[in-house]
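Next comes coords13.csv, a file with CSV, N, CA and C atoms.
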```
chain,number,residue,atom,x,y,z
I,1,MET,N,208.4,-74.1,9.2
I,1,MET,CA,207.1,-74.6,9.6
I,1,MET,C,206.7,-75.8,8.8
I,2,GLN,N,206.2,-76.9,9.4
I,2,GLN,CA,205.8,-78.0,8.7
I,2,GLN,C,204.2,-78.1,8.8
I,3,LEU,N,203.6,-78.4,7.7
I,3,LEU,CA,202.2,-78.6,7.7
I,3,LEU,C,201.8,-80.1,7.4
I,4,ARG,N,200.8,-80.5,8.0
I,4,ARG,CA,200.3,-81.9,7.8
I,4,ARG,C,198.8,-81.8,7.5
I,5,TYR,N,198.4,-82.6,6.5
I,5,TYR,CA,197.0,-82.6,6.1
I,5,TYR,C,196.6,-84.0,6.1
I,6,ASN,N,195.4,-84.2,6.6
I,6,ASN,CA,194.7,-85.5,6.5
I,6,ASN,C,193.6,-85.5,5.5
I,7,PHE,N,193.5,-86.4,4.7
I,7,PHE,CA,192.5,-86.5,3.7
I,7,PHE,C,191.7,-87.8,3.7
I,8,ARG,N,190.4,-87.8,3.5
I,8,ARG,CA,189.7,-89.0,3.3
I,8,ARG,C,189.6,-89.3,1.8
I,9,ALA,N,190.0,-90.5,1.4
I,9,ALA,CA,190.1,-90.8,0.0
I,9,ALA,C,189.1,-91.9,-0.3
I,10,TYR,N,188.5,-91.9,-1.5
I,10,TYR,CA,187.6,-92.9,-1.9
I,10,TYR,C,188.1,-93.4,-3.3
I,11,PRO,N,189.1,-94.3,-3.2
I,11,PRO,CA,189.7,-94.7,-4.5
I,11,PRO,C,188.8,-95.7,-5.2
I,12,ASP,N,188.9,-95.7,-6.6
I,12,ASP,CA,188.2,-96.7,-7.4
I,12,ASP,C,189.1,-97.9,-7.4
I,13,ALA,N,188.7,-98.9,-8.2
I,13,ALA,CA,189.4,-100.2,-8.2
I,13,ALA,C,190.9,-100.1,-8.7
I,14,ALA,N,191.1,-99.3,-9.8
I,14,ALA,CA,192.4,-99.1,-10.3
I,14,ALA,C,193.3,-98.4,-9.3
I,15,GLN,N,192.8,-97.4,-8.6
I,15,GLN,CA,193.5,-96.7,-7.6
I,15,GLN,C,193.8,-97.5,-6.4
I,16,CYS,N,192.9,-98.4,-6.1
I,16,CYS,CA,193.2,-99.4,-5.0
I,16,CYS,C,194.4,-100.3,-5.3
I,17,ARG,N,194.5,-100.7,-6.5
I,17,ARG,CA,195.6,-101.5,-7.0
I,17,ARG,C,196.9,-100.7,-6.9
I,18,GLU,N,196.9,-99.5,-7.3
I,18,GLU,CA,198.1,-98.6,-7.2
I,18,GLU,C,198.5,-98.4,-5.8
I,19,LEU,N,197.5,-98.1,-4.9
I,19,LEU,CA,197.8,-97.9,-3.5
I,19,LEU,C,198.4,-99.2,-2.9
I,20,ALA,N,197.8,-100.4,-3.2
I,20,ALA,CA,198.3,-101.6,-2.7
I,20,ALA,C,199.7,-101.9,-3.2
I,21,SER,N,200.0,-101.5,-4.4
I,21,SER,CA,201.4,-101.6,-4.9
I,21,SER,C,202.4,-100.7,-4.1
I,22,ALA,N,201.9,-99.5,-3.9
I,22,ALA,CA,202.8,-98.6,-3.1
I,22,ALA,C,203.0,-99.0,-1.7
I,23,PHE,N,201.9,-99.6,-1.1
I,23,PHE,CA,202.1,-100.1,0.3
I,23,PHE,C,203.1,-101.3,0.3
I,24,GLY,N,203.0,-102.1,-0.7
I,24,GLY,CA,203.8,-103.3,-0.7
I,24,GLY,C,205.3,-102.9,-1.0
I,25,CYS,N,205.5,-102.0,-1.9
I,25,CYS,CA,206.9,-101.5,-2.1
I,25,CYS,C,207.5,-100.8,-0.9
I,26,ALA,N,206.7,-100.0,-0.2
I,26,ALA,CA,207.3,-99.3,0.9
I,26,ALA,C,207.6,-100.3,2.0
I,27,ARG,N,206.7,-101.3,2.2
I,27,ARG,CA,206.9,-102.4,3.2
I,27,ARG,C,208.2,-103.2,2.8
I,28,GLY,N,208.4,-103.5,1.5
I,28,GLY,CA,209.5,-104.3,1.1
I,28,GLY,C,210.8,-103.5,1.3
I,29,VAL,N,210.9,-102.2,1.1
I,29,VAL,CA,212.1,-101.4,1.3
I,29,VAL,C,212.4,-101.4,2.8
I,30,TRP,N,211.3,-101.1,3.6
I,30,TRP,CA,211.5,-101.1,5.1
I,30,TRP,C,212.1,-102.4,5.6
I,31,ASN,N,211.5,-103.5,5.2
I,31,ASN,CA,212.0,-104.8,5.7
I,31,ASN,C,213.4,-105.1,5.2
I,32,ASP,N,213.7,-104.8,3.9
I,32,ASP,CA,215.0,-105.1,3.4
I,32,ASP,C,216.1,-104.3,4.2
I,33,CYS,N,215.8,-103.0,4.4
I,33,CYS,CA,216.8,-102.1,5.1
I,33,CYS,C,216.9,-102.5,6.5
I,34,LEU,N,215.8,-102.9,7.2
I,34,LEU,CA,215.9,-103.3,8.5
I,34,LEU,C,216.7,-104.6,8.7
I,35,ARG,N,216.5,-105.5,7.7
I,35,ARG,CA,217.3,-106.8,7.8
I,35,ARG,C,218.8,-106.5,7.6
I,36,ASP,N,219.1,-105.5,6.7
I,36,ASP,CA,220.5,-105.2,6.4
I,36,ASP,C,221.1,-104.6,7.7
I,37,ARG,N,220.4,-103.8,8.4
I,37,ARG,CA,221.0,-103.2,9.6
I,37,ARG,C,221.1,-104.2,10.7
I,38,LYS,N,220.1,-105.1,10.9
I,38,LYS,CA,220.2,-106.1,11.9
I,38,LYS,C,221.3,-107.1,11.6
I,39,GLU,N,221.5,-107.5,10.3
I,39,GLU,CA,222.6,-108.4,10.0
I,39,GLU,C,223.9,-107.8,10.2
I,40,ALA,N,224.1,-106.5,9.9
I,40,ALA,CA,225.3,-105.8,10.2
I,40,ALA,C,225.6,-105.7,11.7
I,41,HIS,N,224.6,-105.4,12.5
I,41,HIS,CA,224.8,-105.4,13.9
I,41,HIS,C,225.2,-106.7,14.5
I,42,ALA,N,224.5,-107.8,14.0
I,42,ALA,CA,224.9,-109.2,14.5
I,42,ALA,C,226.3,-109.6,14.1
I,43,ALA,N,226.8,-109.1,12.9
I,43,ALA,CA,228.1,-109.4,12.5
I,43,ALA,C,229.2,-108.5,13.1
I,44,GLY,N,228.7,-107.5,13.9
I,44,GLY,CA,229.7,-106.6,14.5
I,44,GLY,C,230.2,-105.5,13.6
I,45,LEU,N,229.5,-105.3,12.5
I,45,LEU,CA,229.9,-104.3,11.5
I,45,LEU,C,229.3,-102.9,12.0
I,46,PRO,N,229.8,-101.8,11.5
I,46,PRO,CA,229.3,-100.5,11.8
I,46,PRO,C,227.8,-100.3,11.3
I,47,TYR,N,227.2,-99.3,11.9
I,47,TYR,CA,225.8,-99.0,11.5
I,47,TYR,C,225.7,-98.6,10.0
I,48,VAL,N,224.8,-99.2,9.3
I,48,VAL,CA,224.7,-99.0,7.9
I,48,VAL,C,224.0,-97.7,7.6
I,49,LYS,N,224.7,-96.8,6.9
I,49,LYS,CA,224.2,-95.4,6.6
I,49,LYS,C,223.0,-95.5,5.7
I,50,SER,N,222.2,-94.4,5.7
I,50,SER,CA,221.0,-94.4,4.9
I,50,SER,C,221.3,-94.2,3.4
I,51,ALA,N,222.4,-93.5,3.1
I,51,ALA,CA,222.8,-93.3,1.7
I,51,ALA,C,223.2,-94.7,1.1
I,52,GLU,N,223.9,-95.5,1.8
I,52,GLU,CA,224.2,-96.8,1.4
I,52,GLU,C,223.0,-97.7,1.2
I,53,LEU,N,222.1,-97.7,2.1
I,53,LEU,CA,220.9,-98.4,2.0
I,53,LEU,C,220.0,-98.0,0.8
I,54,SER,N,220.0,-96.7,0.6
I,54,SER,CA,219.2,-96.1,-0.5
I,54,SER,C,219.8,-96.6,-1.9
I,55,ARG,N,221.1,-96.6,-1.9
I,55,ARG,CA,221.8,-97.0,-3.2
I,55,ARG,C,221.5,-98.5,-3.4
I,56,LEU,N,221.7,-99.3,-2.4
I,56,LEU,CA,221.6,-100.8,-2.5
I,56,LEU,C,220.1,-101.2,-2.7
I,57,ARG,N,219.3,-100.8,-1.8
I,57,ARG,CA,217.9,-101.3,-1.7
I,57,ARG,C,216.9,-100.6,-2.5
I,58,ILE,N,217.2,-99.4,-3.0
I,58,ILE,CA,216.2,-98.7,-3.9
I,58,ILE,C,216.8,-98.6,-5.3
I,59,THR,N,217.9,-97.9,-5.5
I,59,THR,CA,218.4,-97.6,-6.8
I,59,THR,C,218.9,-98.8,-7.5
I,60,GLN,N,219.8,-99.6,-6.9
I,60,GLN,CA,220.3,-100.8,-7.6
I,60,GLN,C,219.2,-101.9,-7.6
I,61,ALA,N,218.4,-102.0,-6.6
I,61,ALA,CA,217.4,-103.1,-6.6
I,61,ALA,C,216.4,-103.0,-7.7
I,62,LYS,N,216.1,-101.8,-8.2
I,62,LYS,CA,215.2,-101.6,-9.3
I,62,LYS,C,215.6,-102.3,-10.6
I,63,HIS,N,216.9,-102.5,-10.7
I,63,HIS,CA,217.5,-103.0,-11.9
I,63,HIS,C,217.7,-104.5,-11.8
I,64,THR,N,217.3,-105.2,-10.8
I,64,THR,CA,217.3,-106.6,-10.6
I,64,THR,C,216.0,-107.2,-11.0
I,65,GLU,N,216.0,-108.5,-11.4
I,65,GLU,CA,214.8,-109.2,-11.8
I,65,GLU,C,213.8,-109.3,-10.6
I,66,GLU,N,214.3,-109.7,-9.4
I,66,GLU,CA,213.5,-110.0,-8.3
I,66,GLU,C,212.9,-108.8,-7.6
I,67,ARG,N,213.5,-107.6,-7.9
I,67,ARG,CA,213.0,-106.4,-7.3
I,67,ARG,C,212.6,-105.3,-8.4
I,68,ALA,N,212.3,-105.7,-9.6
I,68,ALA,CA,212.0,-104.8,-10.7
I,68,ALA,C,210.7,-104.1,-10.4
I,69,TRP,N,209.8,-104.7,-9.6
I,69,TRP,CA,208.5,-104.1,-9.2
I,69,TRP,C,208.7,-102.8,-8.4
I,70,LEU,N,209.8,-102.5,-7.9
I,70,LEU,CA,210.0,-101.3,-7.1
I,70,LEU,C,210.0,-100.1,-8.1
I,71,ALA,N,210.3,-100.3,-9.4
I,71,ALA,CA,210.3,-99.2,-10.3
I,71,ALA,C,208.8,-98.8,-10.7
I,72,ASP,N,207.8,-99.5,-10.3
I,72,ASP,CA,206.4,-99.2,-10.6
I,72,ASP,C,205.8,-98.1,-9.8
I,73,VAL,N,206.5,-97.8,-8.7
I,73,VAL,CA,205.9,-96.7,-7.8
I,73,VAL,C,206.9,-95.5,-7.8
I,74,SER,N,206.4,-94.5,-7.2
I,74,SER,CA,207.2,-93.3,-7.1
I,74,SER,C,208.4,-93.5,-6.2
I,75,ALA,N,209.5,-92.9,-6.5
I,75,ALA,CA,210.7,-93.1,-5.7
I,75,ALA,C,210.5,-92.3,-4.4
I,76,VAL,N,209.6,-91.4,-4.3
I,76,VAL,CA,209.3,-90.7,-3.1
I,76,VAL,C,208.8,-91.6,-2.0
I,77,VAL,N,207.9,-92.5,-2.4
I,77,VAL,CA,207.4,-93.5,-1.5
I,77,VAL,C,208.5,-94.3,-0.9
I,78,LEU,N,209.4,-94.8,-1.7
I,78,LEU,CA,210.5,-95.6,-1.2
I,78,LEU,C,211.5,-94.9,-0.3
I,79,GLN,N,211.8,-93.6,-0.7
I,79,GLN,CA,212.7,-92.8,0.1
I,79,GLN,C,212.1,-92.5,1.5
I,80,GLN,N,210.8,-92.2,1.5
I,80,GLN,CA,210.1,-91.9,2.7
I,80,GLN,C,210.1,-93.1,3.7
I,81,SER,N,209.9,-94.3,3.1
I,81,SER,CA,209.9,-95.5,3.9
I,81,SER,C,211.3,-95.6,4.6
I,82,LEU,N,212.4,-95.4,3.9
I,82,LEU,CA,213.7,-95.4,4.4
I,82,LEU,C,213.9,-94.3,5.5
I,83,TRP,N,213.4,-93.2,5.3
I,83,TRP,CA,213.5,-92.1,6.3
I,83,TRP,C,212.7,-92.4,7.5
I,84,ASP,N,211.5,-93.1,7.3
I,84,ASP,CA,210.7,-93.5,8.5
I,84,ASP,C,211.5,-94.5,9.3
I,85,LEU,N,212.2,-95.4,8.6
I,85,LEU,CA,213.0,-96.4,9.4
I,85,LEU,C,214.1,-95.6,10.2
I,86,ASP,N,214.7,-94.6,9.6
I,86,ASP,CA,215.8,-93.8,10.3
I,86,ASP,C,215.2,-93.2,11.5
I,87,THR,N,213.9,-92.6,11.4
I,87,THR,CA,213.3,-92.0,12.5
I,87,THR,C,213.0,-93.0,13.6
I,88,ALA,N,212.6,-94.2,13.2
I,88,ALA,CA,212.3,-95.3,14.2
I,88,ALA,C,213.5,-95.6,14.9
I,89,TYR,N,214.7,-95.7,14.2
I,89,TYR,CA,215.9,-96.0,14.9
I,89,TYR,C,216.3,-94.9,15.8
I,90,LYS,N,216.2,-93.6,15.4
I,90,LYS,CA,216.5,-92.5,16.2
I,90,LYS,C,215.7,-92.4,17.4
I,91,ASN,N,214.4,-92.7,17.3
I,91,ASN,CA,213.6,-92.7,18.5
I,91,ASN,C,214.0,-93.8,19.5
I,92,PHE,N,214.4,-95.0,18.9
I,92,PHE,CA,214.8,-96.1,19.8
I,92,PHE,C,216.1,-95.7,20.5
I,93,PHE,N,217.1,-95.2,19.8
I,93,PHE,CA,218.3,-94.9,20.5
I,93,PHE,C,218.2,-93.7,21.5
I,94,ASP,N,217.3,-92.8,21.1
I,94,ASP,CA,217.1,-91.7,22.1
I,94,ASP,C,216.4,-92.2,23.3
I,95,SER,N,215.5,-93.1,23.1
I,95,SER,CA,214.8,-93.7,24.2
I,95,SER,C,215.7,-94.5,25.2
I,96,LEU,N,216.7,-95.2,24.6
I,96,LEU,CA,217.7,-95.9,25.4
I,96,LEU,C,218.5,-95.0,26.2
I,97,GLN,N,218.9,-93.9,25.6
I,97,GLN,CA,219.7,-92.9,26.3
I,97,GLN,C,219.0,-92.0,27.3
I,98,GLY,N,217.7,-92.0,27.2
I,98,GLY,CA,216.8,-91.2,28.0
I,98,GLY,C,216.7,-89.8,27.5
I,99,THR,N,217.0,-89.5,26.3
I,99,THR,CA,216.9,-88.1,25.8
I,99,THR,C,215.5,-87.9,25.1
I,100,ARG,N,214.8,-89.0,24.9
I,100,ARG,CA,213.5,-88.9,24.3
I,100,ARG,C,212.4,-88.8,25.4
I,101,GLN,N,211.5,-87.8,25.2
I,101,GLN,CA,210.4,-87.6,26.1
I,101,GLN,C,209.3,-88.6,25.8
I,102,GLY,N,208.6,-89.0,26.8
I,102,GLY,CA,207.5,-89.9,26.6
I,102,GLY,C,207.9,-91.3,27.0
I,103,ARG,N,207.0,-92.3,26.6
I,103,ARG,CA,207.3,-93.7,26.9
I,103,ARG,C,208.5,-94.2,26.2
I,104,LYS,N,209.0,-95.4,26.7
I,104,LYS,CA,210.1,-96.0,26.1
I,104,LYS,C,209.7,-96.6,24.8
I,105,VAL,N,210.6,-96.6,23.8
I,105,VAL,CA,210.3,-97.1,22.5
I,105,VAL,C,211.2,-98.3,22.2
I,106,GLY,N,210.6,-99.4,21.6
I,106,GLY,CA,211.3,-100.6,21.3
I,106,GLY,C,212.0,-100.4,19.9
I,107,PRO,N,212.8,-101.4,19.6
I,107,PRO,CA,213.5,-101.3,18.3
I,107,PRO,C,212.5,-101.5,17.1
I,108,PRO,N,212.8,-101.0,15.9
I,108,PRO,CA,211.9,-101.2,14.8
I,108,PRO,C,211.7,-102.6,14.5
I,109,ARG,N,210.5,-102.9,14.1
I,109,ARG,CA,210.1,-104.3,13.8
I,109,ARG,C,209.8,-104.4,12.3
I,110,TYR,N,209.8,-105.7,11.8
I,110,TYR,CA,209.4,-105.9,10.4
I,110,TYR,C,207.9,-105.6,10.2
I,111,LYS,N,207.6,-105.2,9.0
I,111,LYS,CA,206.2,-104.9,8.7
I,111,LYS,C,205.6,-106.1,8.0
I,112,SER,N,204.3,-106.4,8.4
I,112,SER,CA,203.6,-107.6,7.8
I,112,SER,C,202.6,-107.2,6.8
I,113,LYS,N,202.5,-108.1,5.8
I,113,LYS,CA,201.5,-107.9,4.8
I,113,LYS,C,200.1,-108.0,5.3
I,114,LYS,N,199.9,-108.8,6.4
I,114,LYS,CA,198.6,-109.1,7.0
I,114,LYS,C,198.1,-108.0,8.0
I,115,ASP,N,199.0,-107.0,8.3
I,115,ASP,CA,198.6,-106.0,9.2
I,115,ASP,C,197.8,-105.0,8.4
I,116,THR,N,196.7,-104.6,9.0
I,116,THR,CA,195.7,-103.7,8.3
I,116,THR,C,196.2,-102.2,8.4
I,117,ARG,N,197.2,-101.9,9.2
I,117,ARG,CA,197.6,-100.5,9.3
I,117,ARG,C,198.7,-100.2,8.3
I,118,GLN,N,198.3,-100.2,7.0
I,118,GLN,CA,199.3,-99.9,6.0
I,118,GLN,C,199.3,-98.4,5.8
I,119,SER,N,200.5,-97.8,5.5
I,119,SER,CA,200.6,-96.4,5.3
I,119,SER,C,201.8,-96.1,4.4
I,120,ILE,N,201.7,-95.0,3.7
I,120,ILE,CA,202.8,-94.4,3.0
I,120,ILE,C,202.8,-92.9,3.2
I,121,ARG,N,204.0,-92.3,3.0
I,121,ARG,CA,204.0,-90.9,3.2
I,121,ARG,C,204.5,-90.3,1.9
I,122,LEU,N,203.8,-89.2,1.5
I,122,LEU,CA,204.2,-88.5,0.3
I,122,LEU,C,204.5,-87.0,0.7
I,123,ASN,N,205.5,-86.5,0.0
I,123,ASN,CA,205.8,-85.1,0.2
I,123,ASN,C,205.2,-84.3,-1.0
I,124,THR,N,205.5,-83.0,-1.1
I,124,THR,CA,204.8,-82.2,-2.1
I,124,THR,C,205.4,-82.5,-3.5
I,125,ASN,N,206.5,-83.2,-3.6
I,125,ASN,CA,207.0,-83.6,-4.9
I,125,ASN,C,206.2,-84.8,-5.5
I,126,ALA,N,205.4,-85.5,-4.7
I,126,ALA,CA,204.8,-86.7,-5.1
I,126,ALA,C,203.3,-86.5,-5.5
I,127,PHE,N,202.7,-85.4,-5.2
I,127,PHE,CA,201.3,-85.3,-5.5
I,127,PHE,C,201.0,-83.8,-5.6
I,128,SER,N,199.9,-83.5,-6.1
I,128,SER,CA,199.4,-82.1,-6.2
I,128,SER,C,197.9,-82.1,-6.0
I,129,LEU,N,197.4,-81.0,-5.4
I,129,LEU,CA,196.0,-80.9,-5.3
I,129,LEU,C,195.4,-80.0,-6.4
I,130,LYS,N,194.4,-80.4,-7.0
I,130,LYS,CA,193.7,-79.6,-8.0
I,130,LYS,C,192.7,-78.7,-7.3
I,131,ASP,N,192.2,-77.7,-8.1
I,131,ASP,CA,191.3,-76.7,-7.5
I,131,ASP,C,189.9,-77.3,-7.1
I,132,ASP,N,189.5,-78.4,-7.8
I,132,ASP,CA,188.3,-79.1,-7.4
I,132,ASP,C,188.4,-80.1,-6.3
I,133,GLY,N,189.6,-80.2,-5.7
I,133,GLY,CA,189.8,-81.1,-4.6
I,133,GLY,C,190.4,-82.5,-5.0
I,134,ARG,N,190.6,-82.7,-6.3
I,134,ARG,CA,191.2,-84.0,-6.7
I,134,ARG,C,192.7,-84.0,-6.5
I,135,VAL,N,193.2,-85.1,-6.2
I,135,VAL,CA,194.7,-85.3,-6.0
I,135,VAL,C,195.3,-85.7,-7.3
```
Output the file's structure as structure tokens, nothing else.
Amino acid sequence: MQLRYNFRAYPDAAQCRELASAFGCARGVWNDCLRDRKEAHAAGLPYVKSAELSRLRITQAKHTEERAWLADVSAVVLQQSLWDLDTAYKNFFDSLQGTRQGRKVGPPRYKSKKDTRQSIRLNTNAFSLKDDGRV
């Protein structure tokens, strides 16, 4: 059984900066992995597996100068972003084959910094709830 909770958050200025950093890192991982898969498809190469993308775009990227900022956020946020991309591709392919119920789904698109619908997903390893309602 999976549970989902929605919470209303009122972050202070420091927490807003942390959230903005997490949103940016998740968007960066999504866009990098999407670009890798599109380039592989255009070159006629096989579908790039998630494990390979995780190693290249998360683990190894943290140790480079241009992507060192990925180490500032929880690895859970980055992994969830990659898993969300996998789900988007699965929904797209299922939609093409007709095995997905509901409306047709297009291919995954790049995420924009200017879009106001920013989101991250956290699992139970990334946060905990205190008895007084604080995260």
Set out as a tab-separated table a contact list for stretch 54-73 of chain I and stretch 33-49 of chain I with a cut-off of 8 Å, giving each residue of stretch 54-73 of chain I that qualifies its closest atom pair and distance in Å to one decimal, counting all atoms listed in the file, ordered by chain and rising residue number.
```
residue	atom	partner	partner_atom	distance
I:Ser54	N	I:Lys49	C	6.0
I:Arg55	N	I:Lys49	C	7.9
I:Arg57	CA	I:Cys33	N	6.7
```
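Distances here use only N, CA and C atoms; by that measure, the residue among I:Arg67, I:Arg8, I:Arg17, I:Lys111 closest to I:Asn31 is I:Lys111.
Taking only N, CA and C atoms into account, I:Phe93 lies nearest to I:Val105 out of the set I:Arg4, I:Gln60, I:Val105, I:Ala68.
Between atom CA of I:Val29 and atom N of I:Ser81 there is a distance of 7.6 Å.
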#### Entry: Members of chain I assigned helix (DSSP H, G or I) by DSSP, as a ChimeraX atom specification
/I:13-42,50-59,61-63,68-72,75-97
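For stretch 88-91 of chain I, the non-local neighbours within 8 Å, defined as residues at least 2 positions apart in the same chain or in other chains and counting only C-alpha atoms, are Asp84, Leu85, Asp86, Phe93, Asp94, Ser95, Arg100, Val105, Pro107 and Pro108 of chain I.
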### Query
Closest to I:Leu122 among I:Cys16, I:Ala22, I:Leu82, I:Val76, using all atoms listed in the file?
I:Val76
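Note that the spacing between atom N of I:Leu19 and atom C of I:Leu56 amounts to 22.9 Å.
The coordinates place atom C of I:Asp32 at 10.0 Å from atom C of I:Glu52.
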### Task
Name the residues within 9 Å of (204.9, -99.6, -1.8), counting only C-alpha atoms in the file's coordinates, and put them as number ranges by chain.
I: 18-29, 70, 72-74, 77-78, 81, 119-120
